[in-house]
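Below: coords_12.pdb (PDB, C-alpha atoms, pLDDT in the B column)
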```pdb
ATOM      1  CA  MET A   1     -38.388 -12.643 -26.040  1.00 48.00           C
ATOM      2  CA  SER A   2     -34.942 -11.006 -26.202  1.00 53.00           C
ATOM      3  CA  ASP A   3     -33.272  -9.778 -29.380  1.00 55.00           C
ATOM      4  CA  ASP A   4     -30.693 -12.567 -29.130  1.00 54.00           C
ATOM      5  CA  ALA A   5     -33.213 -15.433 -28.581  1.00 59.00           C
ATOM      6  CA  GLY A   6     -32.189 -17.102 -31.844  1.00 58.00           C
ATOM      7  CA  LEU A   7     -28.466 -16.566 -31.409  1.00 76.00           C
ATOM      8  CA  PRO A   8     -27.029 -18.889 -28.743  1.00 75.00           C
ATOM      9  CA  GLY A   9     -23.512 -17.613 -29.415  1.00 83.00           C
ATOM     10  CA  LEU A  10     -24.583 -14.053 -28.674  1.00 88.00           C
ATOM     11  CA  ARG A  11     -26.347 -15.143 -25.471  1.00 90.00           C
ATOM     12  CA  GLU A  12     -23.208 -16.965 -24.349  1.00 90.00           C
ATOM     13  CA  ALA A  13     -21.026 -13.957 -25.143  1.00 89.00           C
ATOM     14  CA  ARG A  14     -23.331 -11.688 -23.138  1.00 92.00           C
ATOM     15  CA  ALA A  15     -23.335 -14.141 -20.226  1.00 92.00           C
ATOM     16  CA  ARG A  16     -19.522 -14.293 -20.280  1.00 94.00           C
ATOM     17  CA  GLU A  17     -19.330 -10.505 -20.353  1.00 94.00           C
ATOM     18  CA  ARG A  18     -21.660 -10.257 -17.350  1.00 95.00           C
ATOM     19  CA  ALA A  19     -19.567 -12.858 -15.509  1.00 95.00           C
ATOM     20  CA  LEU A  20     -16.319 -11.028 -16.245  1.00 96.00           C
ATOM     21  CA  ARG A  21     -17.770  -7.686 -15.209  1.00 97.00           C
ATOM     22  CA  GLY A  22     -19.075  -9.254 -12.016  1.00 97.00           C
ATOM     23  CA  ALA A  23     -15.705 -10.835 -11.242  1.00 98.00           C
ATOM     24  CA  LEU A  24     -13.860  -7.579 -11.915  1.00 98.00           C
ATOM     25  CA  LEU A  25     -16.276  -5.620  -9.742  1.00 98.00           C
ATOM     26  CA  ALA A  26     -15.995  -8.185  -6.929  1.00 98.00           C
ATOM     27  CA  LEU A  27     -12.198  -7.962  -7.100  1.00 98.00           C
ATOM     28  CA  ALA A  28     -12.435  -4.159  -7.178  1.00 98.00           C
ATOM     29  CA  VAL A  29     -14.640  -4.114  -4.083  1.00 98.00           C
ATOM     30  CA  SER A  30     -12.269  -6.485  -2.265  1.00 98.00           C
ATOM     31  CA  GLN A  31      -9.276  -4.260  -3.006  1.00 98.00           C
ATOM     32  CA  LEU A  32     -11.131  -1.071  -2.119  1.00 98.00           C
ATOM     33  CA  GLY A  33     -12.334  -2.641   1.120  1.00 98.00           C
ATOM     34  CA  LEU A  34      -8.839  -3.794   2.022  1.00 97.00           C
ATOM     35  CA  GLY A  35      -7.354  -0.400   1.181  1.00 98.00           C
ATOM     36  CA  LEU A  36     -10.011   1.492   3.131  1.00 98.00           C
ATOM     37  CA  TRP A  37      -9.540  -0.772   6.161  1.00 98.00           C
ATOM     38  CA  MET A  38      -5.772  -0.275   6.064  1.00 97.00           C
ATOM     39  CA  ALA A  39      -6.116   3.498   5.677  1.00 98.00           C
ATOM     40  CA  ALA A  40      -8.844   3.997   8.268  1.00 98.00           C
ATOM     41  CA  SER A  41      -7.618   1.581  10.934  1.00 97.00           C
ATOM     42  CA  PRO A  42      -4.012   0.506  10.436  1.00 96.00           C
ATOM     43  CA  GLY A  43      -3.863  -0.795  14.014  1.00 94.00           C
ATOM     44  CA  THR A  44      -6.660  -3.313  13.549  1.00 93.00           C
ATOM     45  CA  PHE A  45      -5.186  -4.362  10.218  1.00 92.00           C
ATOM     46  CA  PHE A  46      -1.792  -4.870  11.875  1.00 88.00           C
ATOM     47  CA  ARG A  47      -3.335  -7.067  14.579  1.00 83.00           C
ATOM     48  CA  ILE A  48      -4.479  -9.530  11.921  1.00 81.00           C
ATOM     49  CA  ALA A  49      -1.670  -9.075   9.407  1.00 78.00           C
ATOM     50  CA  GLY A  50       1.219  -8.062  11.622  1.00 74.00           C
ATOM     51  CA  PHE A  51       4.832  -8.789  10.876  1.00 80.00           C
ATOM     52  CA  GLY A  52       7.665  -6.948  12.598  1.00 80.00           C
ATOM     53  CA  ALA A  53       7.155  -3.614  14.296  1.00 87.00           C
ATOM     54  CA  ARG A  54       3.862  -1.772  13.851  1.00 90.00           C
ATOM     55  CA  ASN A  55       4.123   1.247  11.562  1.00 94.00           C
ATOM     56  CA  ASP A  56       0.775   2.935  10.888  1.00 96.00           C
ATOM     57  CA  HIS A  57       2.256   5.258   8.275  1.00 97.00           C
ATOM     58  CA  TYR A  58       3.621   2.326   6.286  1.00 95.00           C
ATOM     59  CA  VAL A  59       0.306   0.446   6.490  1.00 95.00           C
ATOM     60  CA  ARG A  60      -1.485   3.544   5.151  1.00 97.00           C
ATOM     61  CA  ASP A  61       1.174   3.868   2.422  1.00 97.00           C
ATOM     62  CA  VAL A  62       0.482   0.295   1.326  1.00 96.00           C
ATOM     63  CA  SER A  63      -3.264   0.986   1.429  1.00 97.00           C
ATOM     64  CA  THR A  64      -2.809   3.399  -1.467  1.00 98.00           C
ATOM     65  CA  PHE A  65      -1.751   0.487  -3.689  1.00 97.00           C
ATOM     66  CA  TYR A  66      -4.922  -1.452  -2.902  1.00 98.00           C
ATOM     67  CA  LEU A  67      -7.120   1.607  -3.348  1.00 98.00           C
ATOM     68  CA  ALA A  68      -5.558   2.375  -6.730  1.00 98.00           C
ATOM     69  CA  LEU A  69      -5.872  -1.256  -7.836  1.00 98.00           C
ATOM     70  CA  GLY A  70      -9.531  -1.262  -6.795  1.00 98.00           C
ATOM     71  CA  VAL A  71     -10.248   1.848  -8.873  1.00 98.00           C
ATOM     72  CA  VAL A  72      -8.437   0.460 -11.932  1.00 98.00           C
ATOM     73  CA  LEU A  73     -10.293  -2.870 -11.627  1.00 98.00           C
ATOM     74  CA  ALA A  74     -13.606  -1.002 -11.490  1.00 98.00           C
ATOM     75  CA  ILE A  75     -12.648   0.877 -14.656  1.00 98.00           C
ATOM     76  CA  ALA A  76     -11.587  -2.403 -16.311  1.00 98.00           C
ATOM     77  CA  ALA A  77     -15.069  -3.782 -15.655  1.00 97.00           C
ATOM     78  CA  ARG A  78     -16.341  -1.234 -18.199  1.00 96.00           C
ATOM     79  CA  ARG A  79     -13.267  -1.020 -20.445  1.00 97.00           C
ATOM     80  CA  PRO A  80     -12.351  -4.410 -21.895  1.00 95.00           C
ATOM     81  CA  SER A  81      -8.991  -3.154 -23.196  1.00 95.00           C
ATOM     82  CA  TRP A  82      -7.885  -2.537 -19.580  1.00 97.00           C
ATOM     83  CA  ARG A  83      -8.673  -6.046 -18.402  1.00 97.00           C
ATOM     84  CA  VAL A  84      -5.694  -8.170 -19.421  1.00 97.00           C
ATOM     85  CA  PRO A  85      -2.997  -5.660 -18.404  1.00 98.00           C
ATOM     86  CA  THR A  86      -4.722  -4.867 -15.094  1.00 98.00           C
ATOM     87  CA  LEU A  87      -5.331  -8.506 -14.223  1.00 98.00           C
ATOM     88  CA  ALA A  88      -1.830  -9.559 -15.331  1.00 98.00           C
ATOM     89  CA  PHE A  89      -0.309  -6.896 -13.076  1.00 98.00           C
ATOM     90  CA  ALA A  90      -2.532  -7.875 -10.145  1.00 98.00           C
ATOM     91  CA  ALA A  91      -1.859 -11.612 -10.576  1.00 98.00           C
ATOM     92  CA  LEU A  92       1.889 -10.966 -10.741  1.00 98.00           C
ATOM     93  CA  GLU A  93       1.847  -8.697  -7.690  1.00 98.00           C
ATOM     94  CA  TYR A  94      -0.268 -11.107  -5.664  1.00 98.00           C
ATOM     95  CA  GLY A  95       1.902 -14.052  -6.776  1.00 98.00           C
ATOM     96  CA  LEU A  96       5.077 -12.287  -5.646  1.00 98.00           C
ATOM     97  CA  HIS A  97       3.333 -11.129  -2.474  1.00 97.00           C
ATOM     98  CA  PHE A  98       2.341 -14.750  -1.795  1.00 97.00           C
ATOM     99  CA  LEU A  99       5.958 -15.907  -2.194  1.00 97.00           C
ATOM    100  CA  ASN A 100       7.048 -13.258   0.296  1.00 94.00           C
ATOM    101  CA  HIS A 101       4.451 -14.512   2.780  1.00 93.00           C
ATOM    102  CA  LEU A 102       5.673 -18.084   2.314  1.00 95.00           C
ATOM    103  CA  VAL A 103       9.216 -16.968   3.138  1.00 95.00           C
ATOM    104  CA  ASP A 104       7.970 -15.282   6.339  1.00 90.00           C
ATOM    105  CA  VAL A 105       5.173 -17.737   7.199  1.00 91.00           C
ATOM    106  CA  GLY A 106       6.675 -18.493  10.616  1.00 88.00           C
ATOM    107  CA  ASN A 107       7.342 -14.861  11.555  1.00 85.00           C
ATOM    108  CA  GLY A 108       3.807 -13.661  12.210  1.00 78.00           C
ATOM    109  CA  HIS A 109       2.664 -12.946  15.725  1.00 76.00           C
ATOM    110  CA  PRO A 110       0.659 -14.684  17.019  1.00 79.00           C
ATOM    111  CA  GLY A 111       1.651 -17.899  15.256  1.00 82.00           C
ATOM    112  CA  TRP A 112      -1.573 -18.290  13.234  1.00 84.00           C
ATOM    113  CA  VAL A 113      -1.018 -14.950  11.483  1.00 84.00           C
ATOM    114  CA  GLY A 114       1.650 -16.197   9.062  1.00 88.00           C
ATOM    115  CA  PRO A 115      -0.337 -19.136   7.650  1.00 92.00           C
ATOM    116  CA  LEU A 116      -3.579 -17.123   7.548  1.00 90.00           C
ATOM    117  CA  ASP A 117      -1.911 -14.254   5.696  1.00 91.00           C
ATOM    118  CA  ALA A 118      -0.200 -16.612   3.251  1.00 94.00           C
ATOM    119  CA  ALA A 119      -3.499 -18.374   2.565  1.00 96.00           C
ATOM    120  CA  SER A 120      -5.414 -15.129   2.016  1.00 95.00           C
ATOM    121  CA  VAL A 121      -2.781 -13.667  -0.296  1.00 96.00           C
ATOM    122  CA  GLY A 122      -2.544 -17.003  -2.130  1.00 98.00           C
ATOM    123  CA  ALA A 123      -6.321 -17.004  -2.599  1.00 98.00           C
ATOM    124  CA  GLY A 124      -6.061 -13.500  -4.033  1.00 98.00           C
ATOM    125  CA  ALA A 125      -3.351 -14.629  -6.453  1.00 98.00           C
ATOM    126  CA  VAL A 126      -5.554 -17.509  -7.610  1.00 98.00           C
ATOM    127  CA  ALA A 127      -8.591 -15.226  -8.000  1.00 98.00           C
ATOM    128  CA  PHE A 128      -6.638 -12.804 -10.171  1.00 98.00           C
ATOM    129  CA  ALA A 129      -5.029 -15.600 -12.215  1.00 98.00           C
ATOM    130  CA  VAL A 130      -8.356 -17.367 -12.828  1.00 98.00           C
ATOM    131  CA  THR A 131     -10.045 -14.108 -13.851  1.00 98.00           C
ATOM    132  CA  LEU A 132      -7.099 -13.289 -16.129  1.00 98.00           C
ATOM    133  CA  ALA A 133      -7.306 -16.738 -17.757  1.00 97.00           C
ATOM    134  CA  ALA A 134     -11.059 -16.376 -18.303  1.00 95.00           C
ATOM    135  CA  THR A 135     -10.592 -12.902 -19.761  1.00 96.00           C
ATOM    136  CA  TRP A 136      -7.897 -14.144 -22.098  1.00 92.00           C
ATOM    137  CA  ARG A 137      -9.826 -17.286 -23.084  1.00 90.00           C
ATOM    138  CA  TRP A 138     -13.066 -15.440 -23.742  1.00 85.00           C
ATOM    139  CA  GLY A 139     -11.353 -12.792 -25.824  1.00 74.00           C
ATOM    140  CA  SER A 140     -12.299  -9.820 -23.655  1.00 58.00           C
ATOM    141  CA  ARG A 141      -9.167  -7.824 -24.331  1.00 52.00           C
TER     142      ARG A 141
END
```
Structure translated into structure tokens:
Amino acid sequence: MSDDAGLPGLREARARERALRGALLALAVSQLGLGLWMAASPGTFFRIAGFGARNDHYVRDVSTFYLALGVVLAIAARRPSWRVPTLAFAALEYGLHFLNHLVDVGNGHPGWVGPLDAASVGAGAVAFAVTLAATWRWGSR
């Protein structure tokens, strides 16, 4: 029997903490994976997310943002005081990024690139916003 067997509130708090840590780590891994892909193979990234002229240097520059965000999210998984500011920043960035993709949705080549990119960035914005709301609601600040 665990130490918190008689305390349902404590069990729930621990379960919420595990869920938040898991969500933060999943988001961290997704950002690190995206950043590593962009840095290691900007050409393959451009083929799926290409707009305008290919510029490997610029793709690698942008990868540094995703790598840094992934590291900060991983830290936030262990440091509750980092969670709200990190998630608020990420939700805002992804929301603005999504709007930019909506503006350019018809400019991707081939034609399916624009809608696919907008959908994936929009899903990221939702993931960050939902995790931020849960963090705020559950008091993990």
Would you kindly translate the PyMOL selection byres ((chain A and resi 95) around 12) into the concrete residues it picks from this file, as a PDB file with C-alpha atoms, in the coordinates of the input?
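Output below, filename result.pdb:
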```
ATOM      1  CA  LEU A  87      -5.331  -8.506 -14.223  1.00 98.00           C
ATOM      2  CA  ALA A  88      -1.830  -9.559 -15.331  1.00 98.00           C
ATOM      3  CA  PHE A  89      -0.309  -6.896 -13.076  1.00 98.00           C
ATOM      4  CA  ALA A  90      -2.532  -7.875 -10.145  1.00 98.00           C
ATOM      5  CA  ALA A  91      -1.859 -11.612 -10.576  1.00 98.00           C
ATOM      6  CA  LEU A  92       1.889 -10.966 -10.741  1.00 98.00           C
ATOM      7  CA  GLU A  93       1.847  -8.697  -7.690  1.00 98.00           C
ATOM      8  CA  TYR A  94      -0.268 -11.107  -5.664  1.00 98.00           C
ATOM      9  CA  LEU A  96       5.077 -12.287  -5.646  1.00 98.00           C
ATOM     10  CA  HIS A  97       3.333 -11.129  -2.474  1.00 97.00           C
ATOM     11  CA  PHE A  98       2.341 -14.750  -1.795  1.00 97.00           C
ATOM     12  CA  LEU A  99       5.958 -15.907  -2.194  1.00 97.00           C
ATOM     13  CA  ASN A 100       7.048 -13.258   0.296  1.00 94.00           C
ATOM     14  CA  HIS A 101       4.451 -14.512   2.780  1.00 93.00           C
ATOM     15  CA  LEU A 102       5.673 -18.084   2.314  1.00 95.00           C
ATOM     16  CA  ALA A 118      -0.200 -16.612   3.251  1.00 94.00           C
ATOM     17  CA  ALA A 119      -3.499 -18.374   2.565  1.00 96.00           C
ATOM     18  CA  SER A 120      -5.414 -15.129   2.016  1.00 95.00           C
ATOM     19  CA  VAL A 121      -2.781 -13.667  -0.296  1.00 96.00           C
ATOM     20  CA  GLY A 122      -2.544 -17.003  -2.130  1.00 98.00           C
ATOM     21  CA  ALA A 123      -6.321 -17.004  -2.599  1.00 98.00           C
ATOM     22  CA  GLY A 124      -6.061 -13.500  -4.033  1.00 98.00           C
ATOM     23  CA  ALA A 125      -3.351 -14.629  -6.453  1.00 98.00           C
ATOM     24  CA  VAL A 126      -5.554 -17.509  -7.610  1.00 98.00           C
ATOM     25  CA  ALA A 127      -8.591 -15.226  -8.000  1.00 98.00           C
ATOM     26  CA  PHE A 128      -6.638 -12.804 -10.171  1.00 98.00           C
ATOM     27  CA  ALA A 129      -5.029 -15.600 -12.215  1.00 98.00           C
TER      28      ALA A 129
END
```
Explicit residues for the PyMOL selection byres ((chain A and resi 139) around 12) (as JSON, numbers by chain):
{"A": [13, 16, 17, 20, 80, 81, 83, 84, 132, 133, 134, 135, 136, 137, 138, 140, 141]}
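Candidate residues A:Ala40, A:Ala68, A:Ala74, A:Ala26 were compared for distance to Asp56 in chain A, and the nearest is A:Ala40, using only C-alpha atoms.
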Please evaluate the PyMOL selection byres ((chain A and resi 109) around 9) against the structure above and give the resulting residues as a ChimeraX atom specification.
/A:47-52,106-108,110-114
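Remark: for Thr131 in chain A, the closest of the candidate residues A:Arg14, A:His57, A:Arg79, A:Arg21 is A:Arg21 (distances computed over only C-alpha atoms).
CA of Phe45 in chain A to CA of Val105 in chain A spans 17.2 Å [interatomic distance, one decimal].
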CA of Leu10 in chain A to CA of Thr86 in chain A, distance in Å rounded to a single decimal:
25.8 Å
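With distances restricted to all atoms listed in the file, A:Ala39 is the closest residue to Val62 in chain A from A:Gly9, A:Ala77, A:Ala39, A:Phe46.
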Exercise: range 29-31 of chain A partners within 9 Å, only C-alpha atoms, chain neighbours under 5 positions left out, as a PDB file with C-alpha atoms, keeping the file's coordinate frame:
```
ATOM      1  CA  LEU A  24     -13.860  -7.579 -11.915  1.00 98.00           C
ATOM      2  CA  LEU A  36     -10.011   1.492   3.131  1.00 98.00           C
ATOM      3  CA  PHE A  65      -1.751   0.487  -3.689  1.00 97.00           C
ATOM      4  CA  TYR A  66      -4.922  -1.452  -2.902  1.00 98.00           C
ATOM      5  CA  LEU A  67      -7.120   1.607  -3.348  1.00 98.00           C
ATOM      6  CA  ALA A  68      -5.558   2.375  -6.730  1.00 98.00           C
ATOM      7  CA  LEU A  69      -5.872  -1.256  -7.836  1.00 98.00           C
ATOM      8  CA  GLY A  70      -9.531  -1.262  -6.795  1.00 98.00           C
ATOM      9  CA  VAL A  71     -10.248   1.848  -8.873  1.00 98.00           C
ATOM     10  CA  LEU A  73     -10.293  -2.870 -11.627  1.00 98.00           C
ATOM     11  CA  ALA A  74     -13.606  -1.002 -11.490  1.00 98.00           C
TER      12      ALA A  74
END
```
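From CA of Ala15 in chain A back to CA of Pro85 in chain A, the distance works out to 22.1 Å.
When only C-alpha atoms are used to measure the gap to Arg78 in chain A, the shortest distance among A:Gly22, A:Pro8, A:Gly35, A:Gly43 belongs to A:Gly22.
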